[in-house]
Structures are given as C-alpha cells and as structure tokens.
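**Q** One structure, as structure tokens, below. Some questions next.
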Amino acid sequence: MKINSWKFFISTVVLALAAMACATPDINALLNPLPKDDFSSSSSGWGTGTDSYKSVEYANDGLQMIVYEPYYVTWSAPDTTYYENIHMDVKVTNQGTDPEALFGFICNEVGTTNNFYYVGVSPDGYYAFIKSSIAADDVFLKEGTSDVISSNPIEMNLGLDCQNGSMTLYANGQVIDTVSDSTYTTGVIGLFAASDDIQTGTSVLFDDFVVTKIGE
C-alpha cells in the first residue's frame with residue numbers, strides 16, 4: 001500500500017515553499033553561520049504561512065507543519081544559503097493521525113526550483129530518499145521500512161548526512177540507510193511534511209534543529 005500510494009503522490013504532488021520571513025541576523029548568527037534553532041523566537045528566519053492547503057507556523061516552541069490536503073508537500077528553510085557536506089539533526093513530534101504521512105529533511109535545493117532531495121520517515125516505519133526535479137516526476141532513490149522508526153512513532157530524533165554524492169538517514173541515533181546520488185551537490189536545506197490520502201491527517205512539530213559540518 002505504501003509504495004502504491006506514494007507512486008500516486010509523485011504524479012500529483014504540489015510543492016509549496018512558504019514565503020521566506022525577513023529577519024535581521026544577530027551577532028551570534030554572523031559568527032556561527034551554520035543554523036541552530038530551538039524555535040523559541042518567531043523571528044529566527046524560517047518561512048511561514050497558512051492557506052487552505054497547509055500551515056507552517058511557529059507554535060508550541062517549535063516549527064509546526066500541518067497539511068490539509070491529501071498528496072501535498074510543504075516545506076520551509078532557515079535561510080537561502082547554500083550548504084554542502086553537512087549533517088542535520090531535528091527532534092520530531094508527530095501530532096497527526098495519518099500513519100503514512102512523511103516528514104523529514106530537504107537537502108541541496110537549487111535556487112527556487114523543484115530541484116532538491118527530500119528524505120523522510122513515516123510513523124508506520126517507512127522511509128524514503130526522494131529526488132525532485134523541476135522537469136520530471138519525483139524519483140525514489142531508495143525506500144524501505146525500519147523497526148527503529150515504528151517503535152516510537154510519536155517522538156523521534158532524525159538526522160541526515162547531506163553530502164556531495166551521498167546521503168545517510170538516522171533515527172534515534174541509529175543509521176537507517178544510505179543512498180548515493182550526485183545530481184545536486186550543494187544547496188538550501190530545510191524541513192518538510194507531506195500528506196498521504198488522509199485529509200488533515202498530517203501535523204508535525206519540529207524542534208531543536210542543528211546543522212554541523214561533516215568532518216569537523
């Protein structure tokens with residue numbers, strides 16, 4: 001069921017980039033350009049916005065994403081900086097009712113196009129590495145299931161190595177899988193949430209987002 005439903009998702013997905021919020025960087029942001037955010041301040045720079053399809057807002061000391069429509073993806077970024085060879089960590093609280101909702105990281109988004117990777121997990125234990133292209137359907141580079149993910153579907157810590165040529169997904173400190181692809185080697189990073197076939201079934205709260213340089 002999961003594979004079939006996400007094949008349908010590929011042909012019908014609508015990507016929504018929330019409007020980038022304009023925020024004046026503080027001295028700490030200038031001295032430490034790698035993003036680190038506990039979402040306690042609504043002026044930290046993530047794109048936010050709400051309409052009939054989705055909501056991306058600062059709420060409950062986190063960044064909350066709600067998807068109202070089936071087969072829809074929404075995402076947000078901390079800034080428009082291009083990063084490469086980095087590791088991302090985030091705490092995720094699943095507040096939705098859809099066990100097949102997908103949520104996780106955006107990696108190496110190029111410009112303001114649909115050229116990027118998105119890598120995520122579902123509460124039922126599913127995970128996927130997906131390549132989005134502006135001129136073609138999404139490509140599932142790798143997908144599978146993991147008991148590490150499904151063992152705690154409400155709260156989990158996710159991590160992603162986003163490198164030039166490979167990506168590695170982590171859940172609760174354990175390696176889930178790795179995939180190789182060198183289509184996009186640098187770009188904007190962020191977080192996403194995607195719905196399956198349940199209307200208003202996707203609600204995710206992200207917290208404690210941290211980016212570090214791989215090898216440092």
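Residues are referred to by chain and number: the chain letter is A, B, ... according to the order shown in the structure tokens, the number counts from 1 in that chain, and ligands are numbered separately from 1 in the order shown.
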Could you give me, as a tab-separated table, every segment 92-141 of chain A residue with an atom at most 10 Å from segment 170-182 of chain A, plus its closest atom pair and distance in Å to one decimal, counting only C-alpha atoms, rows ordered by chain then number?
**A**
residue	atom	partner	partner_atom	distance
A:Tyr117	CA	A:Asp181	CA	9.7
A:Gly120	CA	A:Tyr170	CA	10.0
A:Val121	CA	A:Ala171	CA	8.9
A:Tyr127	CA	A:Ile176	CA	8.5
A:Ala128	CA	A:Asp177	CA	9.3
A:Phe129	CA	A:Val179	CA	7.4
A:Lys131	CA	A:Asp181	CA	9.1
A:Leu141	CA	A:Val179	CA	7.1
**Q** Can I get the selected residues back with N, CA and C atoms, as a PDB file, in the first residue's frame?
**A**
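Result file follows (selection_38.pdb):
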ATOM      1  N   TYR A 117      16.642  17.160  -2.978  1.00  0.00           N
ATOM      2  CA  TYR A 117      16.321  15.871  -2.378  1.00  0.00           C
ATOM      3  C   TYR A 117      15.417  16.110  -1.179  1.00  0.00           C
ATOM      4  N   GLY A 120      12.713  11.418   4.270  1.00  0.00           N
ATOM      5  CA  GLY A 120      11.844  11.424   5.433  1.00  0.00           C
ATOM      6  C   GLY A 120      11.394  10.058   5.878  1.00  0.00           C
ATOM      7  N   VAL A 121      10.614  10.076   6.955  1.00  0.00           N
ATOM      8  CA  VAL A 121      10.094   8.852   7.563  1.00  0.00           C
ATOM      9  C   VAL A 121       8.606   9.005   7.802  1.00  0.00           C
ATOM     10  N   TYR A 127      10.487   4.702   5.229  1.00  0.00           N
ATOM     11  CA  TYR A 127      11.405   5.807   4.958  1.00  0.00           C
ATOM     12  C   TYR A 127      11.680   5.871   3.465  1.00  0.00           C
ATOM     13  N   ALA A 128      12.093   7.053   2.996  1.00  0.00           N
ATOM     14  CA  ALA A 128      12.355   7.216   1.562  1.00  0.00           C
ATOM     15  C   ALA A 128      13.366   8.324   1.324  1.00  0.00           C
ATOM     16  N   PHE A 129      14.240   8.083   0.347  1.00  0.00           N
ATOM     17  CA  PHE A 129      15.141   9.089  -0.209  1.00  0.00           C
ATOM     18  C   PHE A 129      14.566   9.454  -1.590  1.00  0.00           C
ATOM     19  N   LYS A 131      14.252  12.185  -5.000  1.00  0.00           N
ATOM     20  CA  LYS A 131      14.833  13.275  -5.788  1.00  0.00           C
ATOM     21  C   LYS A 131      13.732  13.986  -6.549  1.00  0.00           C
ATOM     22  N   LEU A 141      14.913   7.243  -4.882  1.00  0.00           N
ATOM     23  CA  LEU A 141      16.252   6.673  -4.955  1.00  0.00           C
ATOM     24  C   LEU A 141      16.362   5.403  -4.119  1.00  0.00           C
TER      25      LEU A 141
END
**Q** Using only C-alpha atoms, tabulate the residues of segment 157-203 of chain A lying at most 9 Å from any atom of segment 96-101 of chain A, each with its closest atom pair and that distance in Å to one decimal, by chain and increasing residue number, as a Markdown table.
**A**
| residue | atom | partner | partner_atom | distance |
| --- | --- | --- | --- | --- |
| A:Ala193 | CA | A:Ala101 | CA | 7.5 |
| A:Ala194 | CA | A:Ala101 | CA | 5.8 |
| A:Ser195 | CA | A:Ala101 | CA | 4.9 |
| A:Asp196 | CA | A:Ala101 | CA | 5.5 |
| A:Asp197 | CA | A:Asp98 | CA | 8.3 |
| A:Ile198 | CA | A:Asp98 | CA | 6.3 |
| A:Gln199 | CA | A:Asp98 | CA | 8.8 |
| A:Thr200 | CA | A:Gly96 | CA | 8.0 |
| A:Gly201 | CA | A:Asp98 | CA | 4.8 |
| A:Thr202 | CA | A:Gly96 | CA | 4.7 |
| A:Ser203 | CA | A:Gly96 | CA | 4.4 |
**Q** Would you please give, as an MDAnalysis selection string, all residues of chain A that DSSP assigns to strand (DSSP E or B) based on the backbone?
**A** chainID A and resid 15:17 36:37 49:50 54:59 62:67 73:76 83 86:94 102:109 116:121 126:133 136:145 155:162 165:171 174:181 187:194 202:213
**Q** Taking only C-alpha atoms into account, which of A:Val56, A:Ile149, A:Ile106, A:Ile154 comes nearest Tyr184 of chain A?
**A** A:Ile106
**Q** Hey, what's within 8 Å of Cys162 of chain A if we count only C-alpha atoms and toss same-chain stuff fewer than 5 positions away? As a count of residues only, please?
**A** 9
**Q** Give me, as an mmCIF file with N, CA and C atoms, in the first residue's frame, all polymer residues having an atom no more than 7 Å from Tyr83 of chain A, counting only C-alpha atoms and skipping those fewer than 5 positions away in the same chain.
**A**
data_model
loop_
_atom_site.group_PDB
_atom_site.id
_atom_site.type_symbol
_atom_site.label_atom_id
_atom_site.label_comp_id
_atom_site.auth_asym_id
_atom_site.auth_seq_id
_atom_site.Cartn_x
_atom_site.Cartn_y
_atom_site.Cartn_z
ATOM 1 N N THR A 186 25.129 20.760 -3.767
ATOM 2 C CA THR A 186 25.078 21.828 -2.777
ATOM 3 C C THR A 186 23.736 22.519 -2.904
ATOM 4 N N GLY A 187 23.312 23.221 -1.851
ATOM 5 C CA GLY A 187 22.041 23.920 -1.959
ATOM 6 C C GLY A 187 21.442 24.284 -0.619
ATOM 7 N N VAL A 188 20.226 24.797 -0.676
ATOM 8 C CA VAL A 188 19.464 25.192 0.504
ATOM 9 C C VAL A 188 18.998 23.935 1.240
#
**Q** Between atom CA of Ala77 of chain A and atom CA of Asp89 of chain A, what is the distance, to one decimal in Å?
**A**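 These two atoms are separated by 14.0 Å.
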**Q** Can you tell me how far atom CA of Val67 of chain A sits from atom CA of Gly47 of chain A, in Å to one decimal?
**A**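 Between atom CA of Val67 of chain A and atom CA of Gly47 of chain A the gap works out to 15.3 Å.
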**Q** I'd like the interatomic distance between atom CA of Phe206 of chain A and atom CA of Gly159 of chain A, to a tenth of an Å.
**A**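 Those two atoms sit 12.4 Å apart.
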**Q** Which residue is closest to Asp38 of chain A? Choose from A:Tyr72, A:Tyr53, A:Tyr118, A:Tyr58 and count only C-alpha atoms.
**A**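 Looking at the shortest contact to Asp38 of chain A, the residue is A:Tyr58.
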**Q** Mind checking which residues fall within 7 Å of Ser150 of chain A, counting only C-alpha atoms, ignoring those fewer than 4 positions away in the same chain, and posting them as a VMD selection string?
**A** chain A and resid 123 to 125 146
**Q** Counting only C-alpha atoms, figure out which residue out of A:Phe105, A:Tyr71, A:Trp46, A:Phe39 gets nearest to Ile189 of chain A.
**A** A:Phe105
